file data06.pdb (PDB, C-alpha atoms)
ATOM      1  CA  MET A   1     101.445  68.992 146.065
ATOM      2  CA  SER A   2     102.366  68.235 142.487
ATOM      3  CA  LEU A   3     100.163  69.050 139.543
ATOM      4  CA  ASN A   4      98.964  66.549 137.003
ATOM      5  CA  LEU A   5      99.551  67.119 133.276
ATOM      6  CA  GLU A   6      96.225  68.864 132.663
ATOM      7  CA  GLN A   7      96.775  71.266 135.562
ATOM      8  CA  LYS A   8     100.283  72.046 134.332
ATOM      9  CA  GLN A   9      98.962  72.766 130.850
ATOM     10  CA  ALA A  10      96.334  75.074 132.333
ATOM     11  CA  VAL A  11      98.977  76.967 134.331
ATOM     12  CA  VAL A  12     101.214  77.295 131.261
ATOM     13  CA  ALA A  13      98.258  78.569 129.212
ATOM     14  CA  GLU A  14      97.323  81.113 131.892
ATOM     15  CA  VAL A  15     100.887  82.392 132.262
ATOM     16  CA  ALA A  16     101.332  82.486 128.463
ATOM     17  CA  LYS A  17      98.183  84.597 128.182
ATOM     18  CA  GLN A  18      99.578  87.054 130.742
ATOM     19  CA  VAL A  19     102.979  87.099 129.029
ATOM     20  CA  ALA A  20     101.342  87.897 125.683
ATOM     21  CA  GLY A  21      99.865  91.118 127.091
ATOM     22  CA  ALA A  22     102.809  92.033 129.302
ATOM     23  CA  GLN A  23     105.288  94.836 128.684
ATOM     24  CA  ALA A  24     107.495  93.737 131.580
ATOM     25  CA  ILE A  25     108.218  90.662 133.670
ATOM     26  CA  VAL A  26     109.918  90.954 137.062
ATOM     27  CA  MET A  27     111.305  87.930 138.909
ATOM     28  CA  VAL A  28     111.543  87.963 142.694
ATOM     29  CA  GLU A  29     112.885  85.508 145.218
ATOM     30  CA  ASN A  30     110.408  85.060 148.028
ATOM     31  CA  ARG A  31     112.073  82.425 150.198
ATOM     32  CA  GLY A  32     110.788  82.518 153.781
ATOM     33  CA  MET A  33     107.984  85.041 153.241
ATOM     34  CA  HIS A  34     104.927  84.927 155.496
ATOM     35  CA  VAL A  35     101.588  84.108 153.909
ATOM     36  CA  ALA A  36     100.027  87.315 155.254
ATOM     37  CA  ASP A  37     102.737  89.415 153.584
ATOM     38  CA  MET A  38     102.291  87.612 150.269
ATOM     39  CA  THR A  39      98.505  88.101 150.487
ATOM     40  CA  GLN A  40      99.060  91.803 151.092
ATOM     41  CA  LEU A  41     101.376  91.976 148.064
ATOM     42  CA  ARG A  42      98.880  90.162 145.859
ATOM     43  CA  ALA A  43      96.172  92.679 146.832
ATOM     44  CA  LYS A  44      98.456  95.634 145.989
ATOM     45  CA  ALA A  45      99.451  94.021 142.709
ATOM     46  CA  ARG A  46      95.855  93.332 141.738
ATOM     47  CA  ALA A  47      94.903  96.947 142.509
ATOM     48  CA  SER A  48      97.715  98.182 140.242
ATOM     49  CA  GLY A  49      96.845  95.857 137.373
ATOM     50  CA  VAL A  50      99.875  93.624 137.957
ATOM     51  CA  TYR A  51      99.650  89.840 137.594
ATOM     52  CA  PHE A  52     101.665  88.242 140.420
ATOM     53  CA  ARG A  53     102.064  84.512 140.891
ATOM     54  CA  VAL A  54     104.433  81.920 142.312
ATOM     55  CA  VAL A  55     104.949  79.365 139.547
ATOM     56  CA  LYS A  56     107.465  76.629 138.879
ATOM     57  CA  ASN A  57     110.283  77.849 136.666
ATOM     58  CA  THR A  58     109.856  75.016 134.162
ATOM     59  CA  LEU A  59     106.245  76.035 133.554
ATOM     60  CA  VAL A  60     107.187  79.680 133.056
ATOM     61  CA  ARG A  61     109.997  78.667 130.690
ATOM     62  CA  ARG A  62     107.405  76.889 128.553
ATOM     63  CA  ALA A  63     105.102  79.916 128.691
ATOM     64  CA  VAL A  64     107.796  82.377 127.564
ATOM     65  CA  ALA A  65     109.192  80.128 124.817
ATOM     66  CA  ASP A  66     108.754  81.725 121.377
ATOM     67  CA  THR A  67     108.002  85.166 122.894
ATOM     68  CA  PRO A  68     110.156  88.292 123.212
ATOM     69  CA  TYR A  69     110.905  87.111 126.772
ATOM     70  CA  ALA A  70     112.489  83.810 125.715
ATOM     71  CA  ASN A  71     115.993  85.042 126.639
ATOM     72  CA  LEU A  72     114.819  85.401 130.260
ATOM     73  CA  ALA A  73     114.596  81.595 130.620
ATOM     74  CA  ASP A  74     118.320  81.316 131.464
ATOM     75  CA  LYS A  75     117.831  83.537 134.544
ATOM     76  CA  MET A  76     115.004  81.450 136.007
ATOM     77  CA  VAL A  77     116.850  79.693 138.821
ATOM     78  CA  GLY A  78     115.702  79.097 142.374
ATOM     79  CA  PRO A  79     112.355  79.685 144.068
ATOM     80  CA  LEU A  80     110.872  82.584 142.120
ATOM     81  CA  ALA A  81     107.640  84.486 141.882
ATOM     82  CA  TYR A  82     106.740  86.463 138.783
ATOM     83  CA  GLY A  83     105.092  89.829 138.361
ATOM     84  CA  MET A  84     103.985  91.001 134.940
ATOM     85  CA  GLY A  85     101.718  93.589 133.434
ATOM     86  CA  PRO A  86     100.998  95.994 130.603
ATOM     87  CA  ASP A  87     102.636  98.942 132.418
ATOM     88  CA  PRO A  88     106.334  98.218 133.083
ATOM     89  CA  VAL A  89     106.634 101.038 135.619
ATOM     90  CA  ALA A  90     103.661  99.779 137.637
ATOM     91  CA  VAL A  91     105.089  96.260 137.793
ATOM     92  CA  ALA A  92     108.499  97.514 138.928
ATOM     93  CA  LYS A  93     106.987 100.000 141.391
ATOM     94  CA  VAL A  94     104.701  97.526 143.152
ATOM     95  CA  LEU A  95     107.423  94.924 143.617
ATOM     96  CA  SER A  96     110.201  97.410 144.501
ATOM     97  CA  ASP A  97     108.044  99.175 147.086
ATOM     98  CA  PHE A  98     107.193  95.852 148.674
ATOM     99  CA  ALA A  99     110.861  94.758 148.627
ATOM    100  CA  LYS A 100     111.871  97.897 150.563
ATOM    101  CA  GLY A 101     109.894  96.751 153.583
ATOM    102  CA  HIS A 102     110.705  93.039 153.414
ATOM    103  CA  ASP A 103     114.267  91.729 153.561
ATOM    104  CA  LYS A 104     113.352  88.221 152.379
ATOM    105  CA  PHE A 105     111.696  89.563 149.231
ATOM    106  CA  VAL A 106     114.515  90.143 146.717
ATOM    107  CA  ILE A 107     114.175  91.285 143.119
ATOM    108  CA  THR A 108     116.480  89.085 141.034
ATOM    109  CA  GLY A 109     115.866  90.523 137.580
ATOM    110  CA  GLY A 110     113.350  90.867 134.843
ATOM    111  CA  ALA A 111     112.774  91.712 131.232
ATOM    112  CA  MET A 112     111.047  93.979 128.807
ATOM    113  CA  PRO A 113     110.368  92.682 125.282
ATOM    114  CA  GLY A 114     113.712  91.593 123.868
ATOM    115  CA  GLN A 115     115.782  92.973 126.763
ATOM    116  CA  VAL A 116     116.854  91.238 129.978
ATOM    117  CA  MET A 117     117.161  93.593 132.944
ATOM    118  CA  SER A 118     119.145  93.361 136.173
ATOM    119  CA  ALA A 119     117.751  94.054 139.634
ATOM    120  CA  LYS A 120     119.313  97.551 139.565
ATOM    121  CA  GLU A 121     117.599  98.328 136.275
ATOM    122  CA  ILE A 122     114.266  97.174 137.696
ATOM    123  CA  THR A 123     114.771  99.465 140.709
ATOM    124  CA  ALA A 124     115.630 102.363 138.366
ATOM    125  CA  LEU A 125     112.494 101.621 136.341
ATOM    126  CA  ALA A 126     110.453 101.810 139.545
ATOM    127  CA  THR A 127     111.611 105.391 140.156
ATOM    128  CA  LEU A 128     110.121 106.616 136.862
ATOM    129  CA  PRO A 129     106.766 108.402 136.978
ATOM    130  CA  SER A 130     103.714 106.364 136.038
ATOM    131  CA  ARG A 131     102.254 106.438 132.552
ATOM    132  CA  GLU A 132      99.323 108.609 133.664
ATOM    133  CA  GLU A 133     101.651 111.127 135.303
ATOM    134  CA  LEU A 134     103.826 111.313 132.182
ATOM    135  CA  LEU A 135     100.756 111.846 129.991
ATOM    136  CA  GLY A 136      99.586 114.597 132.360
ATOM    137  CA  ARG A 137     102.962 116.317 132.119
ATOM    138  CA  LEU A 138     102.856 116.071 128.329
ATOM    139  CA  VAL A 139      99.386 117.622 128.147
ATOM    140  CA  GLY A 140     100.453 120.403 130.538
ATOM    141  CA  THR A 141     103.495 121.135 128.418
ATOM    142  CA  MET A 142     101.411 121.211 125.259
ATOM    143  CA  LEU A 143      98.779 123.508 126.802
ATOM    144  CA  ALA A 144     101.226 126.021 128.300
ATOM    145  CA  PRO A 145     101.862 128.039 125.113
ATOM    146  CA  ILE A 146      98.153 128.116 124.273
ATOM    147  CA  ALA A 147      97.235 129.302 127.772
ATOM    148  CA  LYS A 148      99.908 132.017 127.651
ATOM    149  CA  PHE A 149      98.620 133.190 124.257
ATOM    150  CA  VAL A 150      95.049 133.397 125.592
ATOM    151  CA  ARG A 151      96.213 135.390 128.632
ATOM    152  CA  THR A 152      98.094 137.772 126.328
ATOM    153  CA  LEU A 153      95.027 138.270 124.137
ATOM    154  CA  ASN A 154      92.899 138.867 127.223
ATOM    155  CA  GLU A 155      95.321 141.515 128.487
ATOM    156  CA  VAL A 156      94.512 143.994 125.635
ATOM    157  CA  PRO A 157      90.819 144.510 126.530
ATOM    158  CA  SER A 158      91.694 144.442 130.241
ATOM    159  CA  LYS A 159      94.162 147.312 129.786
ATOM    160  CA  PHE A 160      91.561 149.244 127.803
ATOM    161  CA  VAL A 161      88.952 148.819 130.545
ATOM    162  CA  ARG A 162      91.463 149.871 133.232
ATOM    163  CA  ALA A 163      92.366 152.971 131.186
ATOM    164  CA  LEU A 164      88.672 153.932 130.841
ATOM    165  CA  ALA A 165      88.179 153.439 134.581
ATOM    166  CA  ALA A 166      91.195 155.672 135.315
ATOM    167  CA  VAL A 167      89.808 158.420 133.025
ATOM    168  CA  ARG A 168      86.381 158.134 134.684
ATOM    169  CA  ASP A 169      87.912 158.398 138.164
ATOM    170  CA  ALA A 170      90.086 161.363 137.144
ATOM    171  CA  ARG A 171      87.117 163.529 135.970
ATOM    172  CA  PRO A 172      85.458 165.585 138.646
ATOM    173  CA  ALA A 173      81.992 164.466 139.555
ATOM    174  CA  ALA A 174      79.701 166.677 137.528
TER     175      ALA A 174
END

call {"tool": "encode", "arguments": {"input": "data06.pdb", "output": "structure tokens"}}
result
Amino acid sequence: MSLNLEQKQAVVAEVAKQVAGAQAIVMVENRGMHVADMTQLRAKARASGVYFRVVKNTLVRRAVADTPYANLADKMVGPLAYGMGPDPVAVAKVLSDFAKGHDKFVITGGAMPGQVMSAKEITALATLPSREELLGRLVGTMLAPIAKFVRTLNEVPSKFVRALAAVRDARPAA
């Protein structure tokens, strides 16, 4: 079913809005996928904050024109679906995990602002920890010296109390 001009403009506007807030775009070939599998993928993507849609390449080319993703337009060939979102690792993870279980779902490439990425680079990006996990590691690393300092300061009165207890136990009960 083809779209009329107004519908095409609406799709381009919607995709352009998503592209404006995206930190990564991943292109996947989904030829021969079952509807149930695609519905399952859309639910996982939505839960992870990833925008996933099957759109005509010409409409996406118009949406990415004059954006940092404009150099991705040359790679838009064949039946593609697009995943994009504000967290590049989440986008890559959702689509890579789904591709592992489905042979007909193939990652063809993607981009981060100003940089076109191959399928291997997208897979490597998917192996990185999530943003929340990296922030947690950073906070843990920053708190480690402070926690060690507090334990060291706490050790002085603890030793004093243990020494007093040893002296008390050493005296005969009088």

call {"tool": "closest_residue", "arguments": {"input": "data06.pdb", "among": "A:Met38, A:Val89, A:Val50, A:Leu128", "to": "Lys104 in chain A", "atoms": "all atoms listed in the file"}}
result
A:Met38

call {"tool": "resolve_selection", "arguments": {"input": "data06.pdb", "expression": "the PyMOL selection byres ((chain A and resi 131) around 12)", "output": "list of chain:residue names"}}
result
A:Pro86, A:Asp87, A:Pro88, A:Val89, A:Ala90, A:Val91, A:Lys93, A:Leu125, A:Ala126, A:Leu128, A:Pro129, A:Ser130, A:Glu132, A:Glu133, A:Leu134, A:Leu135, A:Gly136, A:Arg137, A:Leu138

call {"tool": "atom_distance", "arguments": {"input": "data06.pdb", "atom1": "CA of Ala22 in chain A", "atom2": "CA of Val55 in chain A"}}
result
16.4 Å

call {"tool": "closest_atom_pairs", "arguments": {"input": "data06.pdb", "of": "range 66-156 of chain A", "to": "range 27-34 of chain A", "cutoff": "7 Å", "atoms": "only C-alpha atoms", "output": "Markdown table"}}
result
| residue | atom | partner | partner_atom | distance |
| --- | --- | --- | --- | --- |
| A:Pro79 | CA | A:Glu29 | CA | 6.0 |
| A:Leu80 | CA | A:Glu29 | CA | 4.7 |
| A:Ala81 | CA | A:Val28 | CA | 5.3 |
| A:Tyr82 | CA | A:Met27 | CA | 4.8 |
| A:Gly83 | CA | A:Met27 | CA | 6.5 |
| A:Lys104 | CA | A:Asn30 | CA | 6.1 |
| A:Phe105 | CA | A:Asn30 | CA | 4.8 |
| A:Val106 | CA | A:Glu29 | CA | 5.1 |
| A:Ile107 | CA | A:Val28 | CA | 4.3 |
| A:Thr108 | CA | A:Val28 | CA | 5.3 |
| A:Gly109 | CA | A:Met27 | CA | 5.4 |
| A:Gly110 | CA | A:Met27 | CA | 5.4 |

call {"tool": "axis_aligned_box", "arguments": {"input": "data06.pdb", "around": "range 12-27 of chain A", "padding_each_side": "6 Å", "output": "AutoDock Vina command-line options"}}
result
--center_x 104.3 --center_y 86.1 --center_z 132.3 --size_x 26.0 --size_y 29.5 --size_z 25.2

call {"tool": "resolve_selection", "arguments": {"input": "data06.pdb", "expression": "the PyMOL selection byres ((chain A and resi 45) around 12)", "output": "number ranges by chain"}}
result
A: 38-44, 46-53, 82-85, 87, 90-98

call {"tool": "atom_distance", "arguments": {"input": "data06.pdb", "atom1": "CA of Val60 in chain A", "atom2": "CA of Val77 in chain A"}}
result
11.3 Å

call {"tool": "closest_residue", "arguments": {"input": "data06.pdb", "among": "A:Glu121, A:Asp103, A:Asp74, A:Glu14", "to": "Thr58 in chain A", "atoms": "all atoms listed in the file"}}
result
A:Asp74

call {"tool": "closest_residue", "arguments": {"input": "data06.pdb", "among": "A:Ala36, A:Met142, A:Val54, A:Ile122", "to": "Val11 in chain A", "atoms": "all atoms listed in the file"}}
result
A:Val54

call {"tool": "decode", "arguments": {"input": "data06.pdb", "residues": "range 86-98 of chain A", "atoms": "all heavy atoms", "output": "mmCIF file, in the first residue's frame"}}
result
data_model
loop_
_atom_site.group_PDB
_atom_site.id
_atom_site.type_symbol
_atom_site.label_atom_id
_atom_site.label_comp_id
_atom_site.auth_asym_id
_atom_site.auth_seq_id
_atom_site.Cartn_x
_atom_site.Cartn_y
_atom_site.Cartn_z
ATOM 1 N N PRO A 86 18.741 7.429 21.955
ATOM 2 C CA PRO A 86 19.695 8.313 22.614
ATOM 3 C C PRO A 86 20.880 7.574 23.229
ATOM 4 O O PRO A 86 21.905 8.175 23.499
ATOM 5 C CB PRO A 86 18.860 9.000 23.693
ATOM 6 C CG PRO A 86 17.725 8.084 23.949
ATOM 7 C CD PRO A 86 17.463 7.368 22.658
ATOM 8 N N ASP A 87 20.761 6.278 23.457
ATOM 9 C CA ASP A 87 21.857 5.481 24.019
ATOM 10 C C ASP A 87 22.374 4.542 22.933
ATOM 11 O O ASP A 87 21.705 3.569 22.585
ATOM 12 C CB ASP A 87 21.367 4.687 25.233
ATOM 13 C CG ASP A 87 22.475 3.917 25.930
ATOM 14 O OD1 ASP A 87 23.647 4.065 25.530
ATOM 15 O OD2 ASP A 87 22.168 3.176 26.876
ATOM 16 N N PRO A 88 23.558 4.800 22.372
ATOM 17 C CA PRO A 88 24.051 3.982 21.267
ATOM 18 C C PRO A 88 24.238 2.519 21.650
ATOM 19 O O PRO A 88 23.999 1.625 20.844
ATOM 20 C CB PRO A 88 25.387 4.615 20.886
ATOM 21 C CG PRO A 88 25.604 5.770 21.762
ATOM 22 C CD PRO A 88 24.463 5.885 22.700
ATOM 23 N N VAL A 89 24.641 2.267 22.888
ATOM 24 C CA VAL A 89 24.861 0.886 23.326
ATOM 25 C C VAL A 89 23.536 0.139 23.394
ATOM 26 O O VAL A 89 23.447 -1.023 22.992
ATOM 27 C CB VAL A 89 25.603 0.850 24.680
ATOM 28 C CG1 VAL A 89 25.737 -0.561 25.194
ATOM 29 C CG2 VAL A 89 26.977 1.497 24.550
ATOM 30 N N ALA A 90 22.500 0.791 23.882
ATOM 31 C CA ALA A 90 21.185 0.140 23.978
ATOM 32 C C ALA A 90 20.656 -0.223 22.601
ATOM 33 O O ALA A 90 20.122 -1.326 22.405
ATOM 34 C CB ALA A 90 20.197 1.047 24.706
ATOM 35 N N VAL A 91 20.809 0.673 21.643
ATOM 36 C CA VAL A 91 20.341 0.399 20.281
ATOM 37 C C VAL A 91 21.071 -0.818 19.718
ATOM 38 O O VAL A 91 20.455 -1.758 19.205
ATOM 39 C CB VAL A 91 20.563 1.627 19.361
ATOM 40 C CG1 VAL A 91 20.200 1.294 17.930
ATOM 41 C CG2 VAL A 91 19.761 2.807 19.844
ATOM 42 N N ALA A 92 22.400 -0.809 19.828
ATOM 43 C CA ALA A 92 23.200 -1.912 19.296
ATOM 44 C C ALA A 92 22.895 -3.217 20.028
ATOM 45 O O ALA A 92 22.820 -4.279 19.409
ATOM 46 C CB ALA A 92 24.684 -1.576 19.402
ATOM 47 N N LYS A 93 22.722 -3.144 21.345
ATOM 48 C CA LYS A 93 22.475 -4.349 22.137
ATOM 49 C C LYS A 93 21.151 -5.013 21.776
ATOM 50 O O LYS A 93 21.084 -6.224 21.571
ATOM 51 C CB LYS A 93 22.478 -3.997 23.625
ATOM 52 C CG LYS A 93 23.456 -4.783 24.424
ATOM 53 C CD LYS A 93 23.464 -4.342 25.850
ATOM 54 C CE LYS A 93 24.921 -4.346 26.217
ATOM 55 N NZ LYS A 93 25.269 -4.201 27.540
ATOM 56 N N VAL A 94 20.098 -4.217 21.703
ATOM 57 C CA VAL A 94 18.769 -4.772 21.406
ATOM 58 C C VAL A 94 18.780 -5.479 20.054
ATOM 59 O O VAL A 94 18.325 -6.625 19.926
ATOM 60 C CB VAL A 94 17.695 -3.666 21.447
ATOM 61 C CG1 VAL A 94 16.394 -4.145 20.835
ATOM 62 C CG2 VAL A 94 17.461 -3.204 22.864
ATOM 63 N N LEU A 95 19.312 -4.806 19.044
ATOM 64 C CA LEU A 95 19.289 -5.377 17.697
ATOM 65 C C LEU A 95 20.279 -6.531 17.542
ATOM 66 O O LEU A 95 19.981 -7.520 16.875
ATOM 67 C CB LEU A 95 19.542 -4.285 16.665
ATOM 68 C CG LEU A 95 18.475 -3.171 16.658
ATOM 69 C CD1 LEU A 95 18.829 -2.089 15.669
ATOM 70 C CD2 LEU A 95 17.097 -3.723 16.386
ATOM 71 N N SER A 96 21.440 -6.459 18.172
ATOM 72 C CA SER A 96 22.415 -7.560 18.087
ATOM 73 C C SER A 96 21.914 -8.807 18.804
ATOM 74 O O SER A 96 22.088 -9.918 18.315
ATOM 75 C CB SER A 96 23.756 -7.143 18.685
ATOM 76 O OG SER A 96 24.372 -6.191 17.889
ATOM 77 N N ASP A 97 21.311 -8.609 19.982
ATOM 78 C CA ASP A 97 20.768 -9.760 20.713
ATOM 79 C C ASP A 97 19.671 -10.447 19.913
ATOM 80 O O ASP A 97 19.585 -11.672 19.876
ATOM 81 C CB ASP A 97 20.227 -9.329 22.076
ATOM 82 C CG ASP A 97 21.334 -8.951 23.048
ATOM 83 O OD1 ASP A 97 22.508 -9.261 22.759
ATOM 84 O OD2 ASP A 97 21.024 -8.343 24.089
ATOM 85 N N PHE A 98 18.835 -9.648 19.270
ATOM 86 C CA PHE A 98 17.767 -10.234 18.464
ATOM 87 C C PHE A 98 18.342 -10.946 17.239
ATOM 88 O O PHE A 98 17.861 -12.007 16.846
ATOM 89 C CB PHE A 98 16.771 -9.151 18.029
ATOM 90 C CG PHE A 98 15.536 -9.698 17.390
ATOM 91 C CD1 PHE A 98 14.524 -10.231 18.160
ATOM 92 C CD2 PHE A 98 15.385 -9.679 16.016
ATOM 93 C CE1 PHE A 98 13.381 -10.744 17.565
ATOM 94 C CE2 PHE A 98 14.248 -10.189 15.417
ATOM 95 C CZ PHE A 98 13.239 -10.723 16.195
#
